[in-house]
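Data from target-v9.pdb: PDB, C-alpha atoms
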```
ATOM      1  CA  MET A   1     -15.353 -27.563 -57.141  1.00  0.00           C
ATOM      2  CA  ASN A   2     -18.777 -26.350 -55.995  1.00  0.00           C
ATOM      3  CA  ARG A   3     -19.538 -22.972 -54.476  1.00  0.00           C
ATOM      4  CA  ARG A   4     -20.055 -24.405 -50.960  1.00  0.00           C
ATOM      5  CA  ALA A   5     -16.567 -25.952 -50.888  1.00  0.00           C
ATOM      6  CA  ILE A   6     -15.017 -22.667 -52.027  1.00  0.00           C
ATOM      7  CA  ASP A   7     -16.842 -20.682 -49.353  1.00  0.00           C
ATOM      8  CA  ARG A   8     -15.743 -23.151 -46.672  1.00  0.00           C
ATOM      9  CA  ARG A   9     -12.097 -22.965 -47.768  1.00  0.00           C
ATOM     10  CA  SER A  10     -12.263 -19.160 -47.768  1.00  0.00           C
ATOM     11  CA  PHE A  11     -13.788 -19.163 -44.283  1.00  0.00           C
ATOM     12  CA  LEU A  12     -11.085 -21.475 -42.883  1.00  0.00           C
ATOM     13  CA  TYR A  13      -8.373 -19.331 -44.498  1.00  0.00           C
ATOM     14  CA  ARG A  14      -9.698 -16.187 -42.802  1.00  0.00           C
ATOM     15  CA  ILE A  15      -9.752 -17.910 -39.395  1.00  0.00           C
ATOM     16  CA  PHE A  16      -6.180 -19.177 -39.810  1.00  0.00           C
ATOM     17  CA  LYS A  17      -4.987 -15.742 -40.904  1.00  0.00           C
ATOM     18  CA  SER A  18      -6.659 -14.084 -37.914  1.00  0.00           C
ATOM     19  CA  LEU A  19      -5.063 -16.503 -35.435  1.00  0.00           C
ATOM     20  CA  TRP A  20      -1.649 -16.063 -37.063  1.00  0.00           C
ATOM     21  CA  LEU A  21      -1.818 -12.261 -36.874  1.00  0.00           C
ATOM     22  CA  THR A  22      -2.909 -12.416 -33.233  1.00  0.00           C
ATOM     23  CA  THR A  23       0.052 -14.654 -32.372  1.00  0.00           C
ATOM     24  CA  ILE A  24       2.519 -12.371 -34.171  1.00  0.00           C
ATOM     25  CA  ALA A  25       1.105  -9.289 -32.446  1.00  0.00           C
ATOM     26  CA  ALA A  26       1.504 -10.909 -29.014  1.00  0.00           C
ATOM     27  CA  ILE A  27       5.225 -11.647 -29.417  1.00  0.00           C
ATOM     28  CA  PRO A  28       6.498  -8.103 -28.646  1.00  0.00           C
ATOM     29  CA  TYR A  29       4.351  -7.956 -25.494  1.00  0.00           C
ATOM     30  CA  GLY A  30       5.643 -11.325 -24.305  1.00  0.00           C
ATOM     31  CA  LEU A  31       9.255 -10.338 -24.936  1.00  0.00           C
ATOM     32  CA  GLY A  32       8.682  -7.048 -23.136  1.00  0.00           C
ATOM     33  CA  ARG A  33       7.451  -8.865 -20.022  1.00  0.00           C
ATOM     34  CA  MET A  34      10.428 -11.259 -20.120  1.00  0.00           C
ATOM     35  CA  LEU A  35      12.940  -8.440 -20.464  1.00  0.00           C
ATOM     36  CA  MET A  36      11.308  -6.161 -17.871  1.00  0.00           C
ATOM     37  CA  PRO A  37      13.903  -4.884 -15.343  1.00  0.00           C
ATOM     38  CA  GLU A  38      13.665  -6.560 -11.963  1.00  0.00           C
ATOM     39  CA  LYS A  39      12.885  -3.343 -10.118  1.00  0.00           C
ATOM     40  CA  ASN A  40       9.865  -2.746 -12.346  1.00  0.00           C
ATOM     41  CA  GLN A  41       8.609  -6.221 -11.541  1.00  0.00           C
ATOM     42  CA  LEU A  42       9.000  -5.440  -7.864  1.00  0.00           C
ATOM     43  CA  ALA A  43       7.173  -2.154  -8.280  1.00  0.00           C
ATOM     44  CA  SER A  44       4.229  -3.982  -9.832  1.00  0.00           C
ATOM     45  CA  LEU A  45       3.779  -6.189  -6.766  1.00  0.00           C
ATOM     46  CA  ASN A  46       0.707  -5.606  -4.651  1.00  0.00           C
ATOM     47  CA  LYS A  47       1.984  -3.738  -1.602  1.00  0.00           C
ATOM     48  CA  SER A  48       0.062  -6.086   0.664  1.00  0.00           C
ATOM     49  CA  GLN A  49       2.603  -8.776  -0.294  1.00  0.00           C
ATOM     50  CA  LEU A  50       5.349  -6.827   1.481  1.00  0.00           C
ATOM     51  CA  ASN A  51       4.082  -7.961   4.902  1.00  0.00           C
ATOM     52  CA  HIS A  52       4.158  -4.572   6.612  1.00  0.00           C
ATOM     53  CA  ASP A  53       2.565  -4.108  10.011  1.00  0.00           C
ATOM     54  CA  LYS A  54      -1.152  -3.538  10.434  1.00  0.00           C
ATOM     55  CA  LEU A  55      -2.183  -0.578  12.580  1.00  0.00           C
ATOM     56  CA  ARG A  56      -5.149   0.079  14.820  1.00  0.00           C
ATOM     57  CA  PRO A  57      -7.262   3.125  13.876  1.00  0.00           C
ATOM     58  CA  PRO A  58      -6.456   6.399  15.653  1.00  0.00           C
ATOM     59  CA  GLY A  59      -7.686   6.717  19.217  1.00  0.00           C
ATOM     60  CA  ALA A  60      -7.585   2.942  19.780  1.00  0.00           C
ATOM     61  CA  LEU A  61      -6.946   1.473  23.224  1.00  0.00           C
ATOM     62  CA  ASN A  62      -3.240   0.753  23.589  1.00  0.00           C
ATOM     63  CA  ASP A  63      -3.653  -2.734  25.008  1.00  0.00           C
ATOM     64  CA  ASP A  64      -4.677  -5.163  22.269  1.00  0.00           C
ATOM     65  CA  ILE A  65      -6.695  -7.394  24.604  1.00  0.00           C
ATOM     66  CA  ASP A  66      -8.631  -4.409  25.953  1.00  0.00           C
ATOM     67  CA  PHE A  67      -9.293  -3.300  22.388  1.00  0.00           C
ATOM     68  CA  GLN A  68     -10.581  -6.732  21.384  1.00  0.00           C
ATOM     69  CA  LYS A  69     -12.957  -6.744  24.347  1.00  0.00           C
ATOM     70  CA  ALA A  70     -14.219  -3.207  23.724  1.00  0.00           C
ATOM     71  CA  CYS A  71     -14.720  -3.455  19.960  1.00  0.00           C
ATOM     72  CA  ILE A  72     -18.125  -4.880  18.969  1.00  0.00           C
ATOM     73  CA  GLY A  73     -17.310  -5.144  15.249  1.00  0.00           C
ATOM     74  CA  CYS A  74     -20.069  -2.729  14.231  1.00  0.00           C
ATOM     75  CA  SER A  75     -18.001  -1.409  11.269  1.00  0.00           C
ATOM     76  CA  LEU A  76     -19.198   2.183  11.776  1.00  0.00           C
ATOM     77  CA  CYS A  77     -15.572   3.352  11.748  1.00  0.00           C
ATOM     78  CA  ALA A  78     -15.080   1.924   8.258  1.00  0.00           C
ATOM     79  CA  GLU A  79     -18.353   3.362   6.962  1.00  0.00           C
ATOM     80  CA  VAL A  80     -17.377   6.961   7.783  1.00  0.00           C
ATOM     81  CA  CYS A  81     -13.700   6.680   6.777  1.00  0.00           C
ATOM     82  CA  PRO A  82     -13.096   9.078   3.809  1.00  0.00           C
ATOM     83  CA  PRO A  83     -10.077   7.220   2.340  1.00  0.00           C
ATOM     84  CA  ALA A  84     -11.665   3.820   3.087  1.00  0.00           C
ATOM     85  CA  CYS A  85      -8.468   2.691   4.790  1.00  0.00           C
ATOM     86  CA  ILE A  86     -10.117   0.713   7.610  1.00  0.00           C
ATOM     87  CA  GLN A  87     -10.360  -3.042   7.069  1.00  0.00           C
ATOM     88  CA  PHE A  88     -11.381  -5.904   9.353  1.00  0.00           C
ATOM     89  CA  TYR A  89      -9.731  -9.114  10.429  1.00  0.00           C
ATOM     90  CA  HIS A  90     -11.606 -12.228   9.331  1.00  0.00           C
ATOM     91  CA  LEU A  91     -12.179 -15.363  11.384  1.00  0.00           C
ATOM     92  CA  ASP A  92      -8.612 -16.501  10.697  1.00  0.00           C
ATOM     93  CA  GLY A  93      -7.466 -13.469  12.685  1.00  0.00           C
ATOM     94  CA  ALA A  94      -8.143 -15.463  15.884  1.00  0.00           C
ATOM     95  CA  ASN A  95      -8.866 -13.073  18.767  1.00  0.00           C
ATOM     96  CA  ASN A  96      -8.656 -10.128  16.364  1.00  0.00           C
ATOM     97  CA  ALA A  97     -11.626 -11.388  14.323  1.00  0.00           C
ATOM     98  CA  ASN A  98     -14.028  -8.598  13.293  1.00  0.00           C
ATOM     99  CA  THR A  99     -11.800  -5.874  14.735  1.00  0.00           C
ATOM    100  CA  PRO A 100     -10.540  -3.013  12.525  1.00  0.00           C
ATOM    101  CA  TYR A 101      -7.045  -2.413  11.265  1.00  0.00           C
ATOM    102  CA  ILE A 102      -5.259  -0.178   8.761  1.00  0.00           C
ATOM    103  CA  GLU A 103      -2.617  -1.401   6.337  1.00  0.00           C
ATOM    104  CA  PRO A 104      -0.758   1.804   5.400  1.00  0.00           C
ATOM    105  CA  ALA A 105       1.107   0.228   2.496  1.00  0.00           C
ATOM    106  CA  LEU A 106      -2.242  -0.002   0.715  1.00  0.00           C
ATOM    107  CA  ARG A 107      -4.226   2.938   2.125  1.00  0.00           C
ATOM    108  CA  ALA A 108      -3.215   5.069   5.090  1.00  0.00           C
ATOM    109  CA  CYS A 109      -5.060   7.113   7.690  1.00  0.00           C
ATOM    110  CA  ILE A 110      -5.536  10.839   7.009  1.00  0.00           C
ATOM    111  CA  LEU A 111      -6.188  11.677  10.690  1.00  0.00           C
ATOM    112  CA  CYS A 112      -9.666  13.085  10.004  1.00  0.00           C
ATOM    113  CA  GLY A 113     -10.962  11.734  13.336  1.00  0.00           C
ATOM    114  CA  LYS A 114     -14.334  10.557  12.005  1.00  0.00           C
ATOM    115  CA  CYS A 115     -13.816   6.943  13.135  1.00  0.00           C
ATOM    116  CA  MET A 116     -13.208   8.078  16.710  1.00  0.00           C
ATOM    117  CA  GLU A 117     -16.360  10.198  16.704  1.00  0.00           C
ATOM    118  CA  VAL A 118     -18.733   7.387  15.670  1.00  0.00           C
ATOM    119  CA  CYS A 119     -17.316   4.547  17.772  1.00  0.00           C
ATOM    120  CA  PRO A 120     -20.117   3.479  20.186  1.00  0.00           C
ATOM    121  CA  THR A 121     -17.677   2.004  22.710  1.00  0.00           C
ATOM    122  CA  ASN A 122     -14.367   3.063  24.196  1.00  0.00           C
ATOM    123  CA  ALA A 123     -12.444   0.985  21.652  1.00  0.00           C
ATOM    124  CA  LEU A 124     -11.780   4.275  19.845  1.00  0.00           C
ATOM    125  CA  THR A 125     -11.686   7.482  21.870  1.00  0.00           C
ATOM    126  CA  VAL A 126     -11.756  10.990  20.438  1.00  0.00           C
ATOM    127  CA  THR A 127      -8.143  12.151  20.638  1.00  0.00           C
ATOM    128  CA  GLU A 128      -6.426  15.360  19.600  1.00  0.00           C
ATOM    129  CA  THR A 129      -4.612  14.808  16.296  1.00  0.00           C
ATOM    130  CA  ARG A 130      -1.131  15.489  17.632  1.00  0.00           C
ATOM    131  CA  LYS A 131      -1.728  13.145  20.581  1.00  0.00           C
ATOM    132  CA  VAL A 132      -2.814  10.187  18.440  1.00  0.00           C
ATOM    133  CA  ASN A 133      -0.501   7.200  18.950  1.00  0.00           C
ATOM    134  CA  MET A 134      -0.715   4.700  16.100  1.00  0.00           C
ATOM    135  CA  GLY A 135       3.042   4.128  16.192  1.00  0.00           C
ATOM    136  CA  ARG A 136       6.055   5.893  14.754  1.00  0.00           C
ATOM    137  CA  ALA A 137       7.586   5.956  11.294  1.00  0.00           C
ATOM    138  CA  GLN A 138      10.965   4.266  10.947  1.00  0.00           C
ATOM    139  CA  ILE A 139      13.218   4.766   7.910  1.00  0.00           C
ATOM    140  CA  GLU A 140      15.619   2.097   6.670  1.00  0.00           C
ATOM    141  CA  ARG A 141      18.372   4.372   5.404  1.00  0.00           C
ATOM    142  CA  LEU A 142      20.141   1.582   3.510  1.00  0.00           C
ATOM    143  CA  ALA A 143      17.157   1.414   1.120  1.00  0.00           C
ATOM    144  CA  CYS A 144      15.771   4.970   1.041  1.00  0.00           C
ATOM    145  CA  TYR A 145      16.679   6.541  -2.323  1.00  0.00           C
ATOM    146  CA  PRO A 146      18.050   9.887  -1.030  1.00  0.00           C
ATOM    147  CA  TRP A 147      20.006   8.206   1.783  1.00  0.00           C
ATOM    148  CA  VAL A 148      21.844   5.933  -0.662  1.00  0.00           C
ATOM    149  CA  ASP A 149      22.291   8.721  -3.236  1.00  0.00           C
ATOM    150  CA  ARG A 150      20.006   7.069  -5.783  1.00  0.00           C
ATOM    151  CA  GLY A 151      17.943  10.167  -6.482  1.00  0.00           C
ATOM    152  CA  ILE A 152      15.817  12.963  -5.046  1.00  0.00           C
ATOM    153  CA  CYS A 153      12.509  12.080  -3.430  1.00  0.00           C
ATOM    154  CA  GLY A 154      10.851  13.774  -0.448  1.00  0.00           C
ATOM    155  CA  ALA A 155       7.424  12.181  -0.951  1.00  0.00           C
ATOM    156  CA  CYS A 156       7.146  11.225   2.728  1.00  0.00           C
ATOM    157  CA  VAL A 157       7.930  14.755   3.908  1.00  0.00           C
ATOM    158  CA  SER A 158       5.551  16.350   1.424  1.00  0.00           C
ATOM    159  CA  ILE A 159       2.552  14.162   2.331  1.00  0.00           C
ATOM    160  CA  CYS A 160       2.802  14.340   6.133  1.00  0.00           C
ATOM    161  CA  PRO A 161      -0.288  16.081   7.588  1.00  0.00           C
ATOM    162  CA  LEU A 162       1.668  17.179  10.671  1.00  0.00           C
ATOM    163  CA  GLY A 163       4.539  18.829   8.831  1.00  0.00           C
ATOM    164  CA  GLU A 164       8.080  19.165  10.104  1.00  0.00           C
ATOM    165  CA  THR A 165       7.135  18.298  13.670  1.00  0.00           C
ATOM    166  CA  ALA A 166       6.681  14.715  12.446  1.00  0.00           C
ATOM    167  CA  ILE A 167       9.114  14.328   9.545  1.00  0.00           C
ATOM    168  CA  SER A 168      11.571  16.677   7.896  1.00  0.00           C
ATOM    169  CA  PHE A 169      14.771  16.762   5.874  1.00  0.00           C
ATOM    170  CA  GLU A 170      18.149  16.256   7.499  1.00  0.00           C
ATOM    171  CA  PHE A 171      20.049  19.457   8.078  1.00  0.00           C
ATOM    172  CA  ALA A 172      22.641  20.113   5.338  1.00  0.00           C
ATOM    173  CA  ASN A 173      20.941  17.674   2.975  1.00  0.00           C
ATOM    174  CA  MET A 174      17.427  18.816   2.116  1.00  0.00           C
ATOM    175  CA  TYR A 175      16.378  15.520   0.536  1.00  0.00           C
ATOM    176  CA  ARG A 176      17.215  12.981   3.268  1.00  0.00           C
ATOM    177  CA  PRO A 177      14.149  12.425   5.476  1.00  0.00           C
ATOM    178  CA  VAL A 178      14.309  12.045   9.259  1.00  0.00           C
ATOM    179  CA  VAL A 179      11.440  11.222  11.610  1.00  0.00           C
ATOM    180  CA  ASN A 180      10.778  13.623  14.489  1.00  0.00           C
ATOM    181  CA  ASP A 181       9.025  13.338  17.837  1.00  0.00           C
ATOM    182  CA  GLY A 182       5.736  14.669  16.436  1.00  0.00           C
ATOM    183  CA  CYS A 183       5.102  11.553  14.333  1.00  0.00           C
ATOM    184  CA  VAL A 184       1.846   9.795  15.317  1.00  0.00           C
ATOM    185  CA  GLY A 185       2.114   6.867  12.896  1.00  0.00           C
ATOM    186  CA  CYS A 186      -0.698   7.635  10.437  1.00  0.00           C
ATOM    187  CA  GLY A 187       1.215   5.813   7.670  1.00  0.00           C
ATOM    188  CA  LEU A 188       0.725   8.274   4.804  1.00  0.00           C
ATOM    189  CA  CYS A 189       4.498   8.282   4.314  1.00  0.00           C
ATOM    190  CA  VAL A 190       4.379   4.498   3.836  1.00  0.00           C
ATOM    191  CA  GLU A 191       1.577   4.732   1.281  1.00  0.00           C
ATOM    192  CA  VAL A 192       3.396   7.249  -0.944  1.00  0.00           C
ATOM    193  CA  CYS A 193       6.914   5.807  -0.713  1.00  0.00           C
ATOM    194  CA  PRO A 194       8.022   5.027  -4.309  1.00  0.00           C
ATOM    195  CA  HIS A 195      10.657   2.437  -3.380  1.00  0.00           C
ATOM    196  CA  PRO A 196       9.441  -1.125  -4.171  1.00  0.00           C
ATOM    197  CA  SER A 197      10.550  -2.486  -0.786  1.00  0.00           C
ATOM    198  CA  LEU A 198       9.019   0.397   1.208  1.00  0.00           C
ATOM    199  CA  PRO A 199      12.000   1.350   3.403  1.00  0.00           C
ATOM    200  CA  ILE A 200       9.701   3.391   5.655  1.00  0.00           C
ATOM    201  CA  ARG A 201       7.277   1.607   7.970  1.00  0.00           C
ATOM    202  CA  ILE A 202       5.248   2.232  11.100  1.00  0.00           C
ATOM    203  CA  ILE A 203       6.372   0.452  14.258  1.00  0.00           C
ATOM    204  CA  LYS A 204       5.424   0.611  17.923  1.00  0.00           C
ATOM    205  CA  GLU A 205       6.671   3.738  19.644  1.00  0.00           C
ATOM    206  CA  ALA A 206       8.669   1.688  22.164  1.00  0.00           C
ATOM    207  CA  ASP A 207      10.603  -0.018  19.355  1.00  0.00           C
ATOM    208  CA  ALA A 208      11.477   3.165  17.474  1.00  0.00           C
ATOM    209  CA  ILE A 209      15.129   4.031  16.905  1.00  0.00           C
ATOM    210  CA  VAL A 210      15.767   7.745  16.719  1.00  0.00           C
TER
END
```

Kindly transcribe the structure held in the file into C-alpha cells.
Amino acid sequence: MNRRAIDRRSFLYRIFKSLWLTTIAAIPYGLGRMLMPEKNQLASLNKSQLNHDKLRPPGALNDDIDFQKACIGCSLCAEVCPPACIQFYHLDGANNANTPYIEPALRACILCGKCMEVCPTNALTVTETRKVNMGRAQIERLACYPWVDRGICGACVSICPLGETAISFEFANMYRPVVNDGCVGCGLCVEVCPHPSLPIRIIKEADAIV
C-alpha cells in the first residue's frame, strides 16, 4: 500500500472519530432537554408569548381614538426612554399603527417622565408621577406563589417605585402582596414576577377588582 493511500485512510479515520465523539457528547444535553421539568420549560418562554396587555406610555390621553389622532409617530418618546420600554405598533396594528405602547412583561416603565417631556403634541402630557394612569395591577391569587403557599417572594412589592401606597403585603402575612389605591400601572411588578404564567398584570382602572 502506498503512502498516499495510508494518509487518506488516516484522514478518514480522524474525521469519523471526531463525528462519533461529537455525537456522544451531545447525548447528555439532548436527554437533559427531554427530561426538563415542565415549569422550567414554561419559564424559558419569551414573555411576549403570554399575551399580556399592552399599555400606553405615562401621560397618554385616556381615549384611544384621541391618542391615535394626536400622536404623530415621531418616536421621540422611545429615543429618550432610559429602559427602552417603548415600542411601536406596525402597520398590522390598524388604527394604532406607528403609535407607542409598552409591554410590561418584557420591559416596564420606570416613571421617569422623560417621554412626556419630549412629546411635541398633547398625545403625552406631563403628569405628576402619582397621578399617572396607565392602569392598575391585578393579582391572580390562585397562581401567585405566596398566596398558594408555594414559597416566599415579594418581588413585586420590592420593585414598586411608589412603595406601599401602590402595593404592599397583606396584614398578618408579610409575603402575600395586595394592590393599593396608589398603583398607577407602570408594570414593573409584571416585569419582575418570577412565576411563568405572570399572575400579576396591568388592567384598566375601571376593570380592577379590589

| said: Please expand the PyMOL selection byres ((chain A and resi 127) around 8) into the concrete residues it hits in this file, giving the result as an NGL selection string. | reply: :A and (58-59 or 113 or 116 or 125-126 or 128-129 or 131-132)

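The space separating atom CA of A:Ala137 from atom CA of A:Gly185 comes to 5.8 Å.
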
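A straight line drawn from atom CA of A:Leu61 to atom CA of A:Thr121 is 10.8 Å long.
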
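Evaluated against the shown file, the PyMOL selection byres ((chain A and resi 145) around 10) gives Arg141, Leu142, Ala143, Cys144, Pro146, Trp147, Val148, Asp149, Arg150, Gly151, Ile152, Cys153, Gly154, Tyr175, Arg176, Cys193, Pro194, His195 and Pro199 of chain A.
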
| message | the PyMOL selection byres ((chain A and resi 107) around 8) - which residues does that actually catch in the file I just gave you? List them as number ranges by chain. | response | A: 83-85, 102-106, 108-109, 188, 191

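Comparing the minimum interatomic distances between A:Phe88 and each of A:Met134, A:Cys112, A:Cys71, A:Ile203, counting all atoms listed in the file, we find that A:Cys71 sits nearest.
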
All file atoms of stretch 128-142 of chain A boxed axis-aligned, 3 Å per side, centre plus edges, as AutoDock Vina command-line options:
```
--center_x 6.9 --center_y 8.5 --center_z 12.0 --size_x 32.6 --size_y 19.9 --size_z 23.1
```

| said: Which residues are close to A:Thr165, i.e. within 8 Å by all atoms listed in the file, leaving aside same-chain residues fewer than 4 positions away? Reply as a ChimeraX atom specification. | reply: /A:180-183

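Non-sequential neighbours of A:Ile72 (distance at most 9 Å, separation of 2 or more positions within a chain, only C-alpha atoms) are Gln68, Lys69, Ala70, Cys74, Ser75, Asn98, Thr99, Pro120, Thr121 and Ala123 of chain A.
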
| request: Take the point (-6.2, 15.4, 7.3) in the file's coordinates, draw a sphere of radius 8 Å around it, and report as a list in words every protein, DNA or RNA residue with an atom inside or on it, counting all atoms listed in the file. | output: Ile110, Leu111, Cys112 and Pro161 of chain A

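Comparing the minimum interatomic distances between A:Gln138 and each of A:Ile65, A:Cys186, A:Val178, A:Ala94, counting only C-alpha atoms, we find that A:Val178 sits nearest.
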
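The nearest approach to A:Lys114 among the residues A:Pro57, A:His90, A:Gly73, A:Asn95, with all atoms listed in the file taken into account, belongs to A:Pro57.
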
Can stretch 156-174 of chain A be brought up to N, CA, C and O atoms and written out as a PDB file, in the frame of the given file?
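Below you can see result-v6.pdb, which holds the result:
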```
ATOM      1  N   CYS A 156       7.612  11.412   1.355  1.00  0.00           N
ATOM      2  CA  CYS A 156       7.146  11.225   2.728  1.00  0.00           C
ATOM      3  C   CYS A 156       7.015  12.552   3.468  1.00  0.00           C
ATOM      4  O   CYS A 156       6.073  12.764   4.236  1.00  0.00           O
ATOM      5  N   VAL A 157       7.964  13.449   3.246  1.00  0.00           N
ATOM      6  CA  VAL A 157       7.930  14.755   3.908  1.00  0.00           C
ATOM      7  C   VAL A 157       6.787  15.605   3.359  1.00  0.00           C
ATOM      8  O   VAL A 157       6.079  16.287   4.096  1.00  0.00           O
ATOM      9  N   SER A 158       6.584  15.533   2.068  1.00  0.00           N
ATOM     10  CA  SER A 158       5.551  16.350   1.424  1.00  0.00           C
ATOM     11  C   SER A 158       4.141  15.955   1.834  1.00  0.00           C
ATOM     12  O   SER A 158       3.265  16.800   1.953  1.00  0.00           O
ATOM     13  N   ILE A 159       3.903  14.652   2.067  1.00  0.00           N
ATOM     14  CA  ILE A 159       2.552  14.162   2.331  1.00  0.00           C
ATOM     15  C   ILE A 159       2.146  14.269   3.796  1.00  0.00           C
ATOM     16  O   ILE A 159       0.952  14.260   4.112  1.00  0.00           O
ATOM     17  N   CYS A 160       3.098  14.385   4.699  1.00  0.00           N
ATOM     18  CA  CYS A 160       2.802  14.340   6.133  1.00  0.00           C
ATOM     19  C   CYS A 160       1.828  15.437   6.560  1.00  0.00           C
ATOM     20  O   CYS A 160       2.093  16.626   6.337  1.00  0.00           O
ATOM     21  N   PRO A 161       0.701  15.076   7.182  1.00  0.00           N
ATOM     22  CA  PRO A 161      -0.288  16.081   7.588  1.00  0.00           C
ATOM     23  C   PRO A 161       0.143  16.902   8.798  1.00  0.00           C
ATOM     24  O   PRO A 161      -0.464  17.926   9.094  1.00  0.00           O
ATOM     25  N   LEU A 162       1.205  16.469   9.485  1.00  0.00           N
ATOM     26  CA  LEU A 162       1.668  17.179  10.671  1.00  0.00           C
ATOM     27  C   LEU A 162       2.922  18.000  10.411  1.00  0.00           C
ATOM     28  O   LEU A 162       3.454  18.633  11.327  1.00  0.00           O
ATOM     29  N   GLY A 163       3.411  17.980   9.198  1.00  0.00           N
ATOM     30  CA  GLY A 163       4.539  18.829   8.831  1.00  0.00           C
ATOM     31  C   GLY A 163       5.857  18.441   9.467  1.00  0.00           C
ATOM     32  O   GLY A 163       6.083  17.284   9.838  1.00  0.00           O
ATOM     33  N   GLU A 164       6.718  19.413   9.646  1.00  0.00           N
ATOM     34  CA  GLU A 164       8.080  19.165  10.104  1.00  0.00           C
ATOM     35  C   GLU A 164       8.165  18.676  11.539  1.00  0.00           C
ATOM     36  O   GLU A 164       9.206  18.164  11.962  1.00  0.00           O
ATOM     37  N   THR A 165       7.091  18.817  12.304  1.00  0.00           N
ATOM     38  CA  THR A 165       7.135  18.298  13.670  1.00  0.00           C
ATOM     39  C   THR A 165       7.181  16.765  13.657  1.00  0.00           C
ATOM     40  O   THR A 165       7.613  16.142  14.619  1.00  0.00           O
ATOM     41  N   ALA A 166       6.718  16.175  12.550  1.00  0.00           N
ATOM     42  CA  ALA A 166       6.681  14.715  12.446  1.00  0.00           C
ATOM     43  C   ALA A 166       7.789  14.159  11.566  1.00  0.00           C
ATOM     44  O   ALA A 166       8.406  13.143  11.895  1.00  0.00           O
ATOM     45  N   ILE A 167       8.056  14.803  10.452  1.00  0.00           N
ATOM     46  CA  ILE A 167       9.114  14.328   9.545  1.00  0.00           C
ATOM     47  C   ILE A 167       9.651  15.513   8.765  1.00  0.00           C
ATOM     48  O   ILE A 167       8.894  16.394   8.340  1.00  0.00           O
ATOM     49  N   SER A 168      10.941  15.556   8.586  1.00  0.00           N
ATOM     50  CA  SER A 168      11.571  16.677   7.896  1.00  0.00           C
ATOM     51  C   SER A 168      12.826  16.191   7.183  1.00  0.00           C
ATOM     52  O   SER A 168      13.157  15.004   7.228  1.00  0.00           O
ATOM     53  N   PHE A 169      13.522  17.115   6.545  1.00  0.00           N
ATOM     54  CA  PHE A 169      14.771  16.762   5.874  1.00  0.00           C
ATOM     55  C   PHE A 169      15.954  16.995   6.800  1.00  0.00           C
ATOM     56  O   PHE A 169      15.974  17.953   7.571  1.00  0.00           O
ATOM     57  N   GLU A 170      16.939  16.138   6.697  1.00  0.00           N
ATOM     58  CA  GLU A 170      18.149  16.256   7.499  1.00  0.00           C
ATOM     59  C   GLU A 170      18.838  17.594   7.212  1.00  0.00           C
ATOM     60  O   GLU A 170      18.926  18.031   6.075  1.00  0.00           O
ATOM     61  N   PHE A 171      19.326  18.207   8.251  1.00  0.00           N
ATOM     62  CA  PHE A 171      20.049  19.457   8.078  1.00  0.00           C
ATOM     63  C   PHE A 171      21.270  19.236   7.183  1.00  0.00           C
ATOM     64  O   PHE A 171      21.968  18.241   7.308  1.00  0.00           O
ATOM     65  N   ALA A 172      21.504  20.141   6.264  1.00  0.00           N
ATOM     66  CA  ALA A 172      22.641  20.113   5.338  1.00  0.00           C
ATOM     67  C   ALA A 172      22.407  19.188   4.154  1.00  0.00           C
ATOM     68  O   ALA A 172      23.229  19.113   3.263  1.00  0.00           O
ATOM     69  N   ASN A 173      21.306  18.457   4.161  1.00  0.00           N
ATOM     70  CA  ASN A 173      20.941  17.674   2.975  1.00  0.00           C
ATOM     71  C   ASN A 173      19.421  17.679   2.899  1.00  0.00           C
ATOM     72  O   ASN A 173      18.749  16.885   3.546  1.00  0.00           O
ATOM     73  N   MET A 174      18.863  18.564   2.093  1.00  0.00           N
ATOM     74  CA  MET A 174      17.427  18.816   2.116  1.00  0.00           C
ATOM     75  C   MET A 174      16.567  17.688   1.561  1.00  0.00           C
ATOM     76  O   MET A 174      15.349  17.762   1.572  1.00  0.00           O
TER      77      MET A 174
END
```
